[in-house]
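S.K.: For reference, the file protein-v3.pdb (PDB, C-alpha atoms) is included below:
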ATOM      1  CA  MET Z  82    -124.569 -55.801  30.270  1.00  0.00           C
ATOM      2  CA  GLN Z  83    -126.672 -58.912  30.728  1.00  0.00           C
ATOM      3  CA  TRP Z  84    -129.966 -58.753  32.572  1.00  0.00           C
ATOM      4  CA  LYS Z  85    -129.626 -61.999  34.510  1.00  0.00           C
ATOM      5  CA  ILE Z  86    -132.170 -61.182  37.209  1.00  0.00           C
ATOM      6  CA  ILE Z  87    -135.245 -59.110  36.491  1.00  0.00           C
ATOM      7  CA  TYR Z  88    -137.688 -58.084  39.177  1.00  0.00           C
ATOM      8  CA  VAL Z  89    -141.245 -57.299  38.082  1.00  0.00           C
ATOM      9  CA  THR Z  90    -143.541 -55.526  40.529  1.00  0.00           C
ATOM     10  CA  VAL Z  91    -147.095 -54.232  40.464  1.00  0.00           C
ATOM     11  CA  GLY Z  92    -146.917 -52.901  44.036  1.00  0.00           C
ATOM     12  CA  THR Z  93    -150.206 -53.054  45.902  1.00  0.00           C
ATOM     13  CA  THR Z  94    -152.310 -52.907  42.752  1.00  0.00           C
ATOM     14  CA  ARG Z  95    -153.793 -55.389  40.338  1.00  0.00           C
ATOM     15  CA  PHE Z  96    -152.066 -55.055  36.974  1.00  0.00           C
ATOM     16  CA  ASP Z  97    -152.495 -58.444  35.298  1.00  0.00           C
ATOM     17  CA  GLU Z  98    -151.757 -56.877  31.915  1.00  0.00           C
ATOM     18  CA  LEU Z  99    -148.173 -56.200  33.016  1.00  0.00           C
ATOM     19  CA  ILE Z 100    -147.694 -59.761  34.253  1.00  0.00           C
ATOM     20  CA  LYS Z 101    -149.121 -61.131  30.987  1.00  0.00           C
ATOM     21  CA  ALA Z 102    -146.880 -58.809  28.978  1.00  0.00           C
ATOM     22  CA  VAL Z 103    -143.633 -59.839  30.710  1.00  0.00           C
ATOM     23  CA  THR Z 104    -144.496 -63.507  30.199  1.00  0.00           C
ATOM     24  CA  SER Z 105    -145.532 -63.082  26.561  1.00  0.00           C
ATOM     25  CA  ALA Z 106    -143.459 -64.700  23.826  1.00  0.00           C
ATOM     26  CA  GLN Z 107    -142.474 -61.277  22.468  1.00  0.00           C
ATOM     27  CA  VAL Z 108    -141.010 -60.069  25.794  1.00  0.00           C
ATOM     28  CA  LEU Z 109    -139.564 -63.464  26.732  1.00  0.00           C
ATOM     29  CA  ASN Z 110    -137.623 -63.493  23.446  1.00  0.00           C
ATOM     30  CA  VAL Z 111    -136.117 -60.114  24.350  1.00  0.00           C
ATOM     31  CA  LEU Z 112    -135.313 -61.309  27.872  1.00  0.00           C
ATOM     32  CA  GLN Z 113    -133.650 -64.424  26.525  1.00  0.00           C
ATOM     33  CA  LYS Z 114    -131.504 -62.343  24.148  1.00  0.00           C
ATOM     34  CA  ARG Z 115    -130.553 -60.047  27.061  1.00  0.00           C
ATOM     35  CA  GLY Z 116    -129.357 -63.046  29.110  1.00  0.00           C
ATOM     36  CA  CYS Z 117    -132.209 -63.258  31.607  1.00  0.00           C
ATOM     37  CA  GLN Z 118    -131.996 -66.357  33.785  1.00  0.00           C
ATOM     38  CA  ASN Z 119    -134.411 -65.476  36.570  1.00  0.00           C
ATOM     39  CA  LEU Z 120    -137.662 -63.509  36.490  1.00  0.00           C
ATOM     40  CA  VAL Z 121    -138.923 -62.581  39.966  1.00  0.00           C
ATOM     41  CA  ILE Z 122    -142.558 -61.493  39.784  1.00  0.00           C
ATOM     42  CA  GLN Z 123    -144.555 -59.726  42.491  1.00  0.00           C
ATOM     43  CA  TYR Z 124    -148.119 -59.910  41.151  1.00  0.00           C
ATOM     44  CA  GLY Z 125    -149.963 -58.161  43.990  1.00  0.00           C
ATOM     45  CA  HIS Z 126    -153.730 -58.597  43.979  1.00  0.00           C
ATOM     46  CA  GLY Z 127    -153.562 -60.131  40.512  1.00  0.00           C
ATOM     47  CA  SER Z 128    -153.006 -63.657  39.271  1.00  0.00           C
ATOM     48  CA  PRO Z 129    -149.810 -65.698  39.352  1.00  0.00           C
ATOM     49  CA  VAL Z 130    -148.123 -66.979  36.204  1.00  0.00           C
ATOM     50  CA  LYS Z 131    -149.461 -70.433  35.421  1.00  0.00           C
ATOM     51  CA  ASN Z 132    -147.049 -71.535  32.673  1.00  0.00           C
ATOM     52  CA  SER Z 133    -143.752 -71.116  34.536  1.00  0.00           C
ATOM     53  CA  ARG Z 134    -142.579 -74.647  33.626  1.00  0.00           C
ATOM     54  CA  ASN Z 135    -143.126 -73.934  29.931  1.00  0.00           C
ATOM     55  CA  ILE Z 136    -141.187 -70.673  30.234  1.00  0.00           C
ATOM     56  CA  LEU Z 137    -138.262 -72.502  31.837  1.00  0.00           C
ATOM     57  CA  HIS Z 138    -138.349 -75.191  29.138  1.00  0.00           C
ATOM     58  CA  ASP Z 139    -138.809 -72.842  26.156  1.00  0.00           C
ATOM     59  CA  TYR Z 140    -136.672 -69.858  27.218  1.00  0.00           C
ATOM     60  CA  GLY Z 141    -134.413 -71.123  30.025  1.00  0.00           C
ATOM     61  CA  ILE Z 142    -135.852 -68.510  32.396  1.00  0.00           C
ATOM     62  CA  THR Z 143    -136.798 -69.504  35.937  1.00  0.00           C
ATOM     63  CA  ILE Z 144    -139.898 -67.841  37.365  1.00  0.00           C
ATOM     64  CA  GLU Z 145    -140.145 -67.003  41.060  1.00  0.00           C
ATOM     65  CA  GLN Z 146    -143.395 -65.338  42.083  1.00  0.00           C
ATOM     66  CA  TYR Z 147    -145.400 -64.119  45.038  1.00  0.00           C
ATOM     67  CA  ASP Z 148    -148.293 -61.809  45.822  1.00  0.00           C
ATOM     68  CA  PHE Z 149    -146.840 -59.814  48.737  1.00  0.00           C
ATOM     69  CA  LYS Z 150    -144.039 -60.081  51.269  1.00  0.00           C
ATOM     70  CA  LEU Z 151    -144.420 -58.792  54.793  1.00  0.00           C
ATOM     71  CA  GLU Z 152    -141.195 -56.832  54.554  1.00  0.00           C
ATOM     72  CA  VAL Z 153    -140.327 -54.540  51.678  1.00  0.00           C
ATOM     73  CA  PRO Z 154    -138.707 -56.845  49.103  1.00  0.00           C
ATOM     74  CA  ARG Z 155    -135.357 -55.034  49.253  1.00  0.00           C
ATOM     75  CA  THR Z 156    -133.451 -58.207  48.437  1.00  0.00           C
ATOM     76  CA  ASP Z 157    -135.429 -58.625  45.223  1.00  0.00           C
ATOM     77  CA  ILE Z 158    -134.805 -54.990  44.334  1.00  0.00           C
ATOM     78  CA  LEU Z 159    -131.094 -55.046  45.164  1.00  0.00           C
ATOM     79  CA  ASN Z 160    -130.438 -58.353  43.379  1.00  0.00           C
ATOM     80  CA  ALA Z 161    -132.116 -57.227  40.161  1.00  0.00           C
ATOM     81  CA  ASP Z 162    -130.202 -56.077  37.110  1.00  0.00           C
ATOM     82  CA  LEU Z 163    -133.435 -54.453  35.928  1.00  0.00           C
ATOM     83  CA  ILE Z 164    -136.742 -53.658  37.571  1.00  0.00           C
ATOM     84  CA  ILE Z 165    -139.913 -53.562  35.539  1.00  0.00           C
ATOM     85  CA  GLY Z 166    -142.741 -52.016  37.510  1.00  0.00           C
ATOM     86  CA  HIS Z 167    -146.020 -50.220  37.285  1.00  0.00           C
ATOM     87  CA  ALA Z 168    -145.597 -46.467  37.108  1.00  0.00           C
ATOM     88  CA  GLY Z 169    -146.889 -45.675  40.587  1.00  0.00           C
ATOM     89  CA  ALA Z 170    -144.970 -43.128  42.634  1.00  0.00           C
ATOM     90  CA  GLY Z 171    -144.019 -45.668  45.325  1.00  0.00           C
ATOM     91  CA  THR Z 172    -142.538 -48.104  42.834  1.00  0.00           C
ATOM     92  CA  CYS Z 173    -140.665 -45.332  41.040  1.00  0.00           C
ATOM     93  CA  MET Z 174    -139.161 -44.127  44.320  1.00  0.00           C
ATOM     94  CA  ASP Z 175    -138.182 -47.674  45.344  1.00  0.00           C
ATOM     95  CA  ILE Z 176    -136.300 -48.095  42.073  1.00  0.00           C
ATOM     96  CA  LEU Z 177    -134.592 -44.709  42.309  1.00  0.00           C
ATOM     97  CA  ASN Z 178    -133.785 -44.806  46.027  1.00  0.00           C
ATOM     98  CA  HIS Z 179    -132.157 -48.223  45.662  1.00  0.00           C
ATOM     99  CA  GLY Z 180    -130.062 -47.089  42.709  1.00  0.00           C
ATOM    100  CA  ARG Z 181    -131.503 -49.624  40.298  1.00  0.00           C
ATOM    101  CA  ALA Z 182    -132.218 -49.417  36.577  1.00  0.00           C
ATOM    102  CA  GLY Z 183    -135.879 -49.530  35.670  1.00  0.00           C
ATOM    103  CA  ILE Z 184    -138.537 -49.572  33.032  1.00  0.00           C
ATOM    104  CA  ILE Z 185    -141.826 -48.334  34.401  1.00  0.00           C
ATOM    105  CA  VAL Z 186    -145.036 -49.348  32.690  1.00  0.00           C
ATOM    106  CA  ILE Z 187    -148.072 -47.115  32.535  1.00  0.00           C
ATOM    107  CA  ASN Z 188    -151.475 -48.566  33.313  1.00  0.00           C
ATOM    108  CA  ASP Z 189    -153.592 -46.816  30.668  1.00  0.00           C
ATOM    109  CA  LYS Z 190    -156.798 -48.008  32.330  1.00  0.00           C
ATOM    110  CA  LEU Z 191    -156.434 -45.719  35.342  1.00  0.00           C
ATOM    111  CA  MET Z 192    -158.574 -42.603  35.583  1.00  0.00           C
ATOM    112  CA  ASP Z 193    -156.860 -39.381  34.444  1.00  0.00           C
ATOM    113  CA  ASN Z 194    -153.682 -41.411  33.977  1.00  0.00           C
ATOM    114  CA  HIS Z 195    -151.361 -39.475  36.289  1.00  0.00           C
ATOM    115  CA  GLN Z 196    -148.799 -42.250  35.830  1.00  0.00           C
ATOM    116  CA  SER Z 197    -147.962 -41.085  32.321  1.00  0.00           C
ATOM    117  CA  GLU Z 198    -146.981 -37.615  33.565  1.00  0.00           C
ATOM    118  CA  LEU Z 199    -144.717 -39.032  36.262  1.00  0.00           C
ATOM    119  CA  ALA Z 200    -143.198 -41.576  33.876  1.00  0.00           C
ATOM    120  CA  GLN Z 201    -142.571 -38.937  31.217  1.00  0.00           C
ATOM    121  CA  GLN Z 202    -140.888 -36.613  33.715  1.00  0.00           C
ATOM    122  CA  LEU Z 203    -138.582 -39.310  35.117  1.00  0.00           C
ATOM    123  CA  SER Z 204    -137.701 -40.409  31.598  1.00  0.00           C
ATOM    124  CA  ASP Z 205    -137.072 -36.843  30.413  1.00  0.00           C
ATOM    125  CA  GLU Z 206    -134.674 -36.383  33.320  1.00  0.00           C
ATOM    126  CA  GLY Z 207    -132.860 -39.598  32.372  1.00  0.00           C
ATOM    127  CA  TYR Z 208    -133.585 -41.657  35.502  1.00  0.00           C
ATOM    128  CA  LEU Z 209    -135.855 -44.403  34.135  1.00  0.00           C
ATOM    129  CA  TYR Z 210    -137.278 -45.713  30.897  1.00  0.00           C
ATOM    130  CA  TYR Z 211    -141.018 -45.979  30.487  1.00  0.00           C
ATOM    131  CA  SER Z 212    -143.516 -47.702  28.266  1.00  0.00           C
ATOM    132  CA  ASN Z 213    -147.106 -48.732  27.947  1.00  0.00           C
ATOM    133  CA  ILE Z 214    -148.040 -52.417  27.757  1.00  0.00           C
ATOM    134  CA  GLU Z 215    -148.007 -52.536  23.972  1.00  0.00           C
ATOM    135  CA  GLY Z 216    -144.534 -51.002  23.705  1.00  0.00           C
ATOM    136  CA  LEU Z 217    -142.801 -52.944  26.469  1.00  0.00           C
ATOM    137  CA  ALA Z 218    -140.887 -55.392  24.252  1.00  0.00           C
ATOM    138  CA  LYS Z 219    -139.634 -52.568  22.023  1.00  0.00           C
ATOM    139  CA  ALA Z 220    -138.647 -50.448  25.047  1.00  0.00           C
ATOM    140  CA  MET Z 221    -136.677 -53.396  26.399  1.00  0.00           C
ATOM    141  CA  GLU Z 222    -134.940 -53.958  23.057  1.00  0.00           C
ATOM    142  CA  LEU Z 223    -133.858 -50.312  22.884  1.00  0.00           C
ATOM    143  CA  ALA Z 224    -132.998 -49.766  26.562  1.00  0.00           C
ATOM    144  CA  ASN Z 225    -129.371 -49.028  27.363  1.00  0.00           C
ATOM    145  CA  LEU Z 226    -129.205 -49.137  31.147  1.00  0.00           C
ATOM    146  CA  GLU Z 227    -125.757 -47.555  31.220  1.00  0.00           C
ATOM    147  CA  GLU Z 228    -127.305 -44.323  29.883  1.00  0.00           C
ATOM    148  CA  LEU Z 229    -129.550 -43.865  32.918  1.00  0.00           C
ATOM    149  CA  LYS Z 230    -128.474 -41.212  35.417  1.00  0.00           C
ATOM    150  CA  PRO Z 231    -128.026 -42.137  39.078  1.00  0.00           C
ATOM    151  CA  TYR Z 232    -130.625 -40.656  41.373  1.00  0.00           C
ATOM    152  CA  GLU Z 233    -129.135 -38.693  44.266  1.00  0.00           C
ATOM    153  CA  LYS Z 234    -131.641 -38.748  47.115  1.00  0.00           C
ATOM    154  CA  SER Z 235    -130.459 -35.635  48.885  1.00  0.00           C
ATOM    155  CA  ASN Z 236    -130.400 -33.467  45.758  1.00  0.00           C
ATOM    156  CA  ASN Z 237    -133.426 -34.814  43.967  1.00  0.00           C
ATOM    157  CA  MET Z 238    -135.998 -35.664  46.643  1.00  0.00           C
ATOM    158  CA  LYS Z 239    -137.210 -32.087  47.137  1.00  0.00           C
ATOM    159  CA  SER Z 240    -137.679 -31.518  43.411  1.00  0.00           C
ATOM    160  CA  PHE Z 241    -139.421 -34.890  43.049  1.00  0.00           C
ATOM    161  CA  VAL Z 242    -141.843 -34.143  45.886  1.00  0.00           C
ATOM    162  CA  ARG Z 243    -142.486 -30.656  44.481  1.00  0.00           C
ATOM    163  CA  TYR Z 244    -143.176 -32.080  41.025  1.00  0.00           C
ATOM    164  CA  LEU Z 245    -145.440 -34.798  42.451  1.00  0.00           C
ATOM    165  CA  ASN Z 246    -147.404 -32.211  44.455  1.00  0.00           C
ATOM    166  CA  GLU Z 247    -147.811 -30.002  41.375  1.00  0.00           C
ATOM    167  CA  MET Z 248    -148.901 -32.930  39.267  1.00  0.00           C
ATOM    168  CA  LEU Z 249    -151.495 -34.118  41.782  1.00  0.00           C
ATOM    169  CA  ALA Z 250    -152.845 -30.592  42.271  1.00  0.00           C
ATOM    170  CA  THR Z 251    -153.837 -30.276  38.611  1.00  0.00           C
TER     171      THR Z 251
END
Any chance you could give the structure as structure tokens?

M.R.:
Amino acid sequence: MQWKIIYVTVGTTRFDELIKAVTSAQVLNVLQKRGCQNLVIQYGHGSPVKNSRNILHDYGITIEQYDFKLEVPRTDILNADLIIGHAGAGTCMDILNHGRAGIIVINDKLMDNHQSELAQQLSDEGYLYYSNIEGLAKAMELANLEELKPYEKSNNMKSFVRYLNEMLAT
């Protein structure tokens, strides 16, 4: 399966490290090998990509980017072959509830790093892949999106909310 359209989202946060990682030569090489043609980036409170023309010239990947959209960017989510997002609960649920494949990226700089627990749990259950910034290119090389399990809202929402409540209570 080719990853023609990839949607990258940081949600409402600032996670410039993720944006820099997905536009690094190491990750762009993986994206090019996977058939990426369009990289849609929602950079939130962070900084936009400044070298988008170079990326198009060097890798053949078009960059579309924005900070926020007034409406939830469902079109970007639904059009994506893969979503790469920060490991916040809202982003994880958007990916799962829209039935998309995803790699969630942990922001190691956050206090008590609750994102790693959520990411690990969703990965262990087979719904999403996860990585930290340093391992993103490798995670993308190894990812087989066909192996991910579909998330069934009605069956899984209660267990997800219960797990999230338990995790936040500790």

S.K.: Measuring atom to atom with all atoms listed in the file, identify which of Z:Ile187, Z:Leu163, Z:Leu229, Z:Leu177 is nearest to Asp205 in chain Z.

M.R.: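 Result for the nearest residue to Asp205 in chain Z: Z:Leu229.
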
S.K.: Selected by the PyMOL selection byres ((chain Z and resi 144) around 10) in the shown coordinates: which residues, as a list in words?

M.R.: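 Here the PyMOL selection byres ((chain Z and resi 144) around 10) matches Ile87, Thr104, Gln118, Asn119, Leu120, Val121, Ile122, Val130, Asn132, Ser133, Arg134, Ile136, Leu137, Gly141, Ile142, Thr143, Glu145 and Gln146 of chain Z.
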
S.K.: What is the CA of Glu98 in chain Z-CA of Ser212 in chain Z distance in Å, reported with one decimal?

M.R.: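 Between these atoms lies a distance of 12.9 Å.
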
S.K.: Can you list what the PyMOL selection byres ((chain Z and resi 103) around 10) grabs from this structure, as a list in words?

M.R.: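 The output of the PyMOL selection byres ((chain Z and resi 103) around 10) on this file is Val89, Glu98, Leu99, Ile100, Lys101, Ala102, Thr104, Ser105, Ala106, Gln107, Val108, Leu109, Val111, Leu112, Leu120, Ile122, Ile165, Ile214, Leu217 and Ala218 of chain Z.
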
S.K.: Just checking: using all atoms listed in the file, which residue out of Z:Gln123, Z:Asn225, Z:Gln196, Z:Asn246 ends up closest to Met82 in chain Z?

M.R.: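 Of Z:Gln123, Z:Asn225, Z:Gln196, Z:Asn246, the one nearest Met82 in chain Z is Z:Asn225, counting all atoms listed in the file.
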
S.K.: For a cutoff of 12 Å around the file-coordinate point (-121.7, -58.9, 34.7), which residues qualify once you count only C-alpha atoms? I'd like the result as a list in words.

M.R.: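 Residues found, by chain and rising number: Met82, Gln83, Trp84, Lys85, Ile86, Arg115, Gly116, Cys117, Ala161 and Asp162 of chain Z.
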
S.K.: Could you tell me which of Z:Gly216, Z:Ile185, Z:Tyr124, Z:Leu226 comes closest to Gln201 in chain Z if we count all atoms listed in the file?

M.R.: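 Using all atoms listed in the file, the shortest distance to Gln201 in chain Z belongs to Z:Ile185.
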
S.K.: Please measure the separation of CA of Glu227 in chain Z and CA of Thr90 in chain Z, giving the value in Å to one decimal.

M.R.: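 CA of Thr90 in chain Z lies 21.6 Å from CA of Glu227 in chain Z.
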
S.K.: Could you work out how far CA of Ser197 in chain Z lies from CA of Ala170 in chain Z, giving the answer in Å with one decimal?

M.R.: 10.9 Å

S.K.: Would you mind telling me which residue in Z:Glu222, Z:Asp139, Z:Asp97, Z:Glu233 lies nearest to His167 in chain Z when using all atoms listed in the file?

M.R.: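 Using all atoms listed in the file, His167 in chain Z sits closest to Z:Asp97.
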
S.K.: Please determine the residues with any atom at most 9 Å from (-143.9, -45.7, 40.6) (coordinates as given in the file, with all atoms listed in the file counting) and report them as a list in words.

M.R.: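 Collected hits near the coordinates: Gly92, Gly166, His167, Ala168, Gly169, Ala170, Gly171, Thr172, Cys173, Met174, Asp175, Ile176, Ile185, Val186, Gln196, Leu199 and Ala200 of chain Z.
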
S.K.: Where does the PyMOL selection byres ((chain Z and resi 209) around 8) land in this file, that is, which residues does it pick, as a CSV table (one decimal) with C-alpha atoms, keeping the file's coordinate frame?

M.R.:
chain,number,residue,atom,x,y,z
Z,182,ALA,CA,-132.2,-49.4,36.6
Z,183,GLY,CA,-135.9,-49.5,35.7
Z,184,ILE,CA,-138.5,-49.6,33.0
Z,185,ILE,CA,-141.8,-48.3,34.4
Z,200,ALA,CA,-143.2,-41.6,33.9
Z,203,LEU,CA,-138.6,-39.3,35.1
Z,204,SER,CA,-137.7,-40.4,31.6
Z,207,GLY,CA,-132.9,-39.6,32.4
Z,208,TYR,CA,-133.6,-41.7,35.5
Z,210,TYR,CA,-137.3,-45.7,30.9
Z,211,TYR,CA,-141.0,-46.0,30.5
Z,229,LEU,CA,-129.6,-43.9,32.9

S.K.: Which residue is closest to Asp157 in chain Z? Choose from Z:Lys131, Z:His179, Z:Glu206, Z:Leu191 and count only C-alpha atoms.

M.R.: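 Distance minimum relative to Asp157 in chain Z lands on Z:His179.
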
S.K.: Find the residue from Z:Arg243, Z:Thr156, Z:Lys234, Z:Tyr147 that sits nearest to Gly180 in chain Z; use all atoms listed in the file when measuring.

M.R.: Z:Lys234
